[in-house]
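Report on the structure given below.
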Amino acid sequence: MSCPLPHRPKELELDELWTFVGRKQRKKWLWLAVERHTRRIVAWVLGSRGRATARRLWRALPAPYRTGTWYHTDEWDAYRGVLPARAHRAHPKGSGQTSIVEAINCSLRQKCAVLVRKTCSFSRCLAMHHVRIQLVIDEHNRRCTIT
């Protein structure tokens with residue numbers, strides 16, 4: 001007789017990375033929500049680095065991740081007041097508690113030239129920027145389900 005596996009609590013790591021559209025003065029931030037266990041990107045949005053974009057990321061989360069989930073972030077203030085206070089865990093930079101999402105940020109930068117800060121490749125319009133990012137995120141998630 002086998003023992004039932006213990007229930008694994010849902011845990012997300014959230015982070016944002018800088019990108020631009022057209023020219024570097026037109027900064028956009030790519031906000032990601034990554035499930036720790038599977039390393040899948042469960043939600044993402046493009047926008048400013050403020051609380052309004054954090055709220056958009058919250059609304060983009062699939063319903064099962066809005067309750068019974070721990071949210072690990074850096075100490076960026078925009079997350080406060082958006083994520084449920086009891087479930088939000090803000091960690092200092094370098095603590096290792098957001099290392100999965102930060103590694104995925106690096107991986108996305110390697111796979112998608114428009115996310116590289118010093119690049120000759122860039123999107124001229126926000127719609128194409130969105131499409132290029134969606135393609136690389138879809139590929140990332142496909143690889144997570146294969147392995």
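Scheme for the structure tokens: letters A, B, ... for chains in order shown; per-chain residue numbers from 1; ligand numbers from 1 in order shown.
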Shell of 10 Å around His140 in chain A, only C-alpha atoms, local chain residues under 3 positions omitted, as a list in words: Arg39, Arg40, Ile41, Ile104, Ser107, Leu108, Lys111, Gln134, Leu135, Val136, Ile137, Arg143, Cys144 and Thr145 of chain A
Suppose we keep C-alpha atoms; can you now write the selection as a CSV table (one decimal), in the first residue's frame?
```
chain,number,residue,atom,x,y,z
A,39,ARG,CA,9.0,26.6,-13.0
A,40,ARG,CA,6.2,27.5,-15.3
A,41,ILE,CA,5.3,31.1,-16.0
A,104,ILE,CA,14.1,32.5,-15.7
A,107,SER,CA,17.0,32.6,-19.6
A,108,LEU,CA,14.3,34.8,-21.3
A,111,LYS,CA,16.3,33.5,-25.9
A,134,GLN,CA,4.6,35.6,-25.7
A,135,LEU,CA,6.4,33.3,-28.2
A,136,VAL,CA,9.4,32.8,-25.9
A,137,ILE,CA,7.2,32.4,-22.8
A,143,ARG,CA,9.8,22.8,-22.2
A,144,CYS,CA,8.6,22.8,-18.5
A,145,THR,CA,5.9,20.3,-19.4
```
Every residue of chain A that DSSP places in strand (DSSP E or B), as a ChimeraX atom specification: /A:10-21,23-35,41-47,69-73,88-90,123
Residue nearest Asp77 in chain A - candidates A:His91, A:Lys10, A:Arg142, A:His130, atoms counted: only C-alpha atoms: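 Result for the nearest residue to Asp77 in chain A: A:His91.
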Spatial neighbours of range 64-67 of chain A, max dist 10 Å, only C-alpha atoms, sep filter under 6 positions, as an NGL selection string: :A and (10-12 or 33 or 35 or 42-43 or 58 or 83-84 or 87)
Atomic distance CA of Lys28 in chain A - CA of Gly47 in chain A, expressed in Å with one decimal: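 These two atoms are separated by 5.3 Å.
The coordinates place CA of Leu115 in chain A at 23.0 Å from CA of Gln97 in chain A.
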For Arg89 in chain A: contacts at 9 Å, only C-alpha atoms, fewer than 4 positions along chain excluded, given as a list in words: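 The residues that qualify are Trp70, Tyr71, His72, Thr73, Asp74, Glu75 and Ala85 of chain A.
Of note, CA of Ala90 in chain A and CA of Arg26 in chain A are spaced 28.1 Å apart.
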Shell around Trp44 in chain A at 8 Å using only C-alpha atoms, local window under 4 positions removed, as a ChimeraX atom specification: /A:30-33,57,60
Residue set, chain A restricted to helix (DSSP H, G or I), as number ranges by chain: A: 51-60, 63-65, 77-79, 99-111, 113-115, 126-146
Take the selection from the previous step and output its residues with N, CA and C atoms, as a short mmCIF file (atom, residue, chain, number, x, y, z; two decimals), in the first residue's frame.
```cif
data_model
loop_
_atom_site.label_atom_id
_atom_site.label_comp_id
_atom_site.auth_asym_id
_atom_site.auth_seq_id
_atom_site.Cartn_x
_atom_site.Cartn_y
_atom_site.Cartn_z
N ARG A 51 2.47 50.28 -9.10
CA ARG A 51 1.44 49.46 -8.49
C ARG A 51 0.32 49.09 -9.48
N ALA A 52 0.02 49.96 -10.44
CA ALA A 52 -1.03 49.65 -11.42
C ALA A 52 -0.68 48.40 -12.22
N THR A 53 0.58 48.25 -12.60
CA THR A 53 0.99 47.06 -13.33
C THR A 53 1.01 45.85 -12.42
N ALA A 54 1.37 46.04 -11.15
CA ALA A 54 1.30 44.93 -10.19
C ALA A 54 -0.14 44.43 -10.07
N ARG A 55 -1.10 45.35 -10.07
CA ARG A 55 -2.51 44.95 -10.03
C ARG A 55 -2.91 44.18 -11.29
N ARG A 56 -2.39 44.60 -12.44
CA ARG A 56 -2.67 43.87 -13.68
C ARG A 56 -2.10 42.46 -13.62
N LEU A 57 -0.92 42.31 -13.04
CA LEU A 57 -0.33 40.97 -12.88
C LEU A 57 -1.22 40.13 -11.97
N TRP A 58 -1.70 40.72 -10.88
CA TRP A 58 -2.60 40.00 -9.97
C TRP A 58 -3.85 39.52 -10.71
N ARG A 59 -4.43 40.41 -11.52
CA ARG A 59 -5.63 40.02 -12.28
C ARG A 59 -5.33 38.97 -13.34
N ALA A 60 -4.09 38.93 -13.83
CA ALA A 60 -3.70 37.93 -14.84
C ALA A 60 -3.47 36.55 -14.26
N ALA A 63 -7.20 31.79 -11.48
CA ALA A 63 -7.94 31.74 -10.21
C ALA A 63 -7.33 30.81 -9.16
N PRO A 64 -6.85 29.61 -9.52
CA PRO A 64 -6.30 28.73 -8.48
C PRO A 64 -5.09 29.30 -7.74
N TYR A 65 -4.43 30.31 -8.31
CA TYR A 65 -3.25 30.90 -7.67
C TYR A 65 -3.58 32.12 -6.82
N ASP A 77 8.27 48.00 -3.54
CA ASP A 77 7.07 48.50 -2.85
C ASP A 77 5.77 48.28 -3.62
N ALA A 78 5.82 48.17 -4.93
CA ALA A 78 4.60 48.03 -5.72
C ALA A 78 3.79 46.78 -5.37
N TYR A 79 4.44 45.76 -4.82
CA TYR A 79 3.73 44.53 -4.46
C TYR A 79 2.85 44.72 -3.23
N SER A 99 15.23 33.25 -6.54
CA SER A 99 16.27 32.81 -7.48
C SER A 99 15.69 32.11 -8.70
N ILE A 100 14.56 31.44 -8.57
CA ILE A 100 13.97 30.74 -9.73
C ILE A 100 13.49 31.75 -10.76
N VAL A 101 12.72 32.75 -10.33
CA VAL A 101 12.21 33.74 -11.28
C VAL A 101 13.36 34.56 -11.86
N GLU A 102 14.39 34.83 -11.08
CA GLU A 102 15.53 35.59 -11.61
C GLU A 102 16.31 34.76 -12.63
N ALA A 103 16.41 33.45 -12.41
CA ALA A 103 17.07 32.59 -13.40
C ALA A 103 16.24 32.55 -14.69
N ILE A 104 14.93 32.53 -14.56
CA ILE A 104 14.07 32.54 -15.75
C ILE A 104 14.21 33.87 -16.48
N ASN A 105 14.34 34.98 -15.74
CA ASN A 105 14.60 36.28 -16.37
C ASN A 105 15.85 36.18 -17.26
N CYS A 106 16.92 35.61 -16.72
CA CYS A 106 18.17 35.48 -17.49
C CYS A 106 17.97 34.59 -18.71
N SER A 107 17.24 33.50 -18.53
CA SER A 107 16.97 32.58 -19.63
C SER A 107 16.16 33.27 -20.73
N LEU A 108 15.15 34.05 -20.33
CA LEU A 108 14.35 34.76 -21.33
C LEU A 108 15.19 35.77 -22.08
N ARG A 109 16.10 36.45 -21.38
CA ARG A 109 16.99 37.41 -22.04
C ARG A 109 17.87 36.71 -23.08
N GLN A 110 18.31 35.48 -22.78
CA GLN A 110 19.15 34.74 -23.73
C GLN A 110 18.36 34.28 -24.95
N LYS A 111 17.08 34.00 -24.77
CA LYS A 111 16.26 33.46 -25.85
C LYS A 111 15.52 34.52 -26.66
N ALA A 113 15.95 38.38 -27.96
CA ALA A 113 16.87 39.52 -28.09
C ALA A 113 16.24 40.85 -27.68
N VAL A 114 14.92 41.00 -27.79
CA VAL A 114 14.31 42.27 -27.42
C VAL A 114 14.32 42.50 -25.91
N LEU A 115 14.67 41.49 -25.12
CA LEU A 115 14.76 41.65 -23.67
C LEU A 115 16.17 41.99 -23.19
N LEU A 126 4.61 48.25 -29.47
CA LEU A 126 4.29 47.47 -28.28
C LEU A 126 3.61 46.15 -28.64
N ALA A 127 2.77 46.15 -29.66
CA ALA A 127 2.07 44.92 -30.05
C ALA A 127 3.06 43.84 -30.48
N MET A 128 4.06 44.19 -31.28
CA MET A 128 5.06 43.20 -31.70
C MET A 128 5.95 42.78 -30.53
N HIS A 129 6.23 43.69 -29.64
CA HIS A 129 7.01 43.38 -28.44
C HIS A 129 6.27 42.30 -27.64
N HIS A 130 4.98 42.50 -27.49
CA HIS A 130 4.13 41.56 -26.77
C HIS A 130 4.16 40.18 -27.44
N VAL A 131 4.03 40.15 -28.75
CA VAL A 131 4.03 38.89 -29.50
C VAL A 131 5.35 38.15 -29.34
N ARG A 132 6.46 38.86 -29.46
CA ARG A 132 7.77 38.22 -29.34
C ARG A 132 7.96 37.62 -27.95
N ILE A 133 7.55 38.35 -26.93
CA ILE A 133 7.66 37.85 -25.57
C ILE A 133 6.74 36.65 -25.36
N GLN A 134 5.51 36.72 -25.88
CA GLN A 134 4.57 35.60 -25.74
C GLN A 134 5.15 34.33 -26.36
N LEU A 135 5.79 34.44 -27.51
CA LEU A 135 6.38 33.27 -28.16
C LEU A 135 7.46 32.62 -27.29
N VAL A 136 8.34 33.41 -26.72
CA VAL A 136 9.41 32.84 -25.91
C VAL A 136 8.87 32.28 -24.59
N ILE A 137 7.85 32.89 -24.03
CA ILE A 137 7.23 32.36 -22.80
C ILE A 137 6.50 31.06 -23.11
N ASP A 138 5.80 30.99 -24.22
CA ASP A 138 5.12 29.74 -24.60
C ASP A 138 6.14 28.61 -24.77
N GLU A 139 7.25 28.91 -25.41
CA GLU A 139 8.30 27.89 -25.58
C GLU A 139 8.87 27.47 -24.23
N HIS A 140 9.11 28.42 -23.35
CA HIS A 140 9.60 28.10 -22.01
C HIS A 140 8.63 27.15 -21.30
N ASN A 141 7.35 27.47 -21.33
CA ASN A 141 6.34 26.63 -20.66
C ASN A 141 6.22 25.25 -21.31
N ARG A 142 6.35 25.17 -22.62
CA ARG A 142 6.33 23.86 -23.29
C ARG A 142 7.48 22.99 -22.80
N ARG A 143 8.64 23.58 -22.66
CA ARG A 143 9.80 22.82 -22.18
C ARG A 143 9.61 22.37 -20.73
N CYS A 144 8.89 23.15 -19.94
CA CYS A 144 8.64 22.77 -18.55
C CYS A 144 7.73 21.54 -18.48
N THR A 145 6.81 21.39 -19.41
CA THR A 145 5.89 20.26 -19.38
C THR A 145 6.50 19.01 -19.98
N ILE A 146 7.49 19.17 -20.85
CA ILE A 146 8.15 18.01 -21.49
C ILE A 146 9.07 17.31 -20.50
#
```
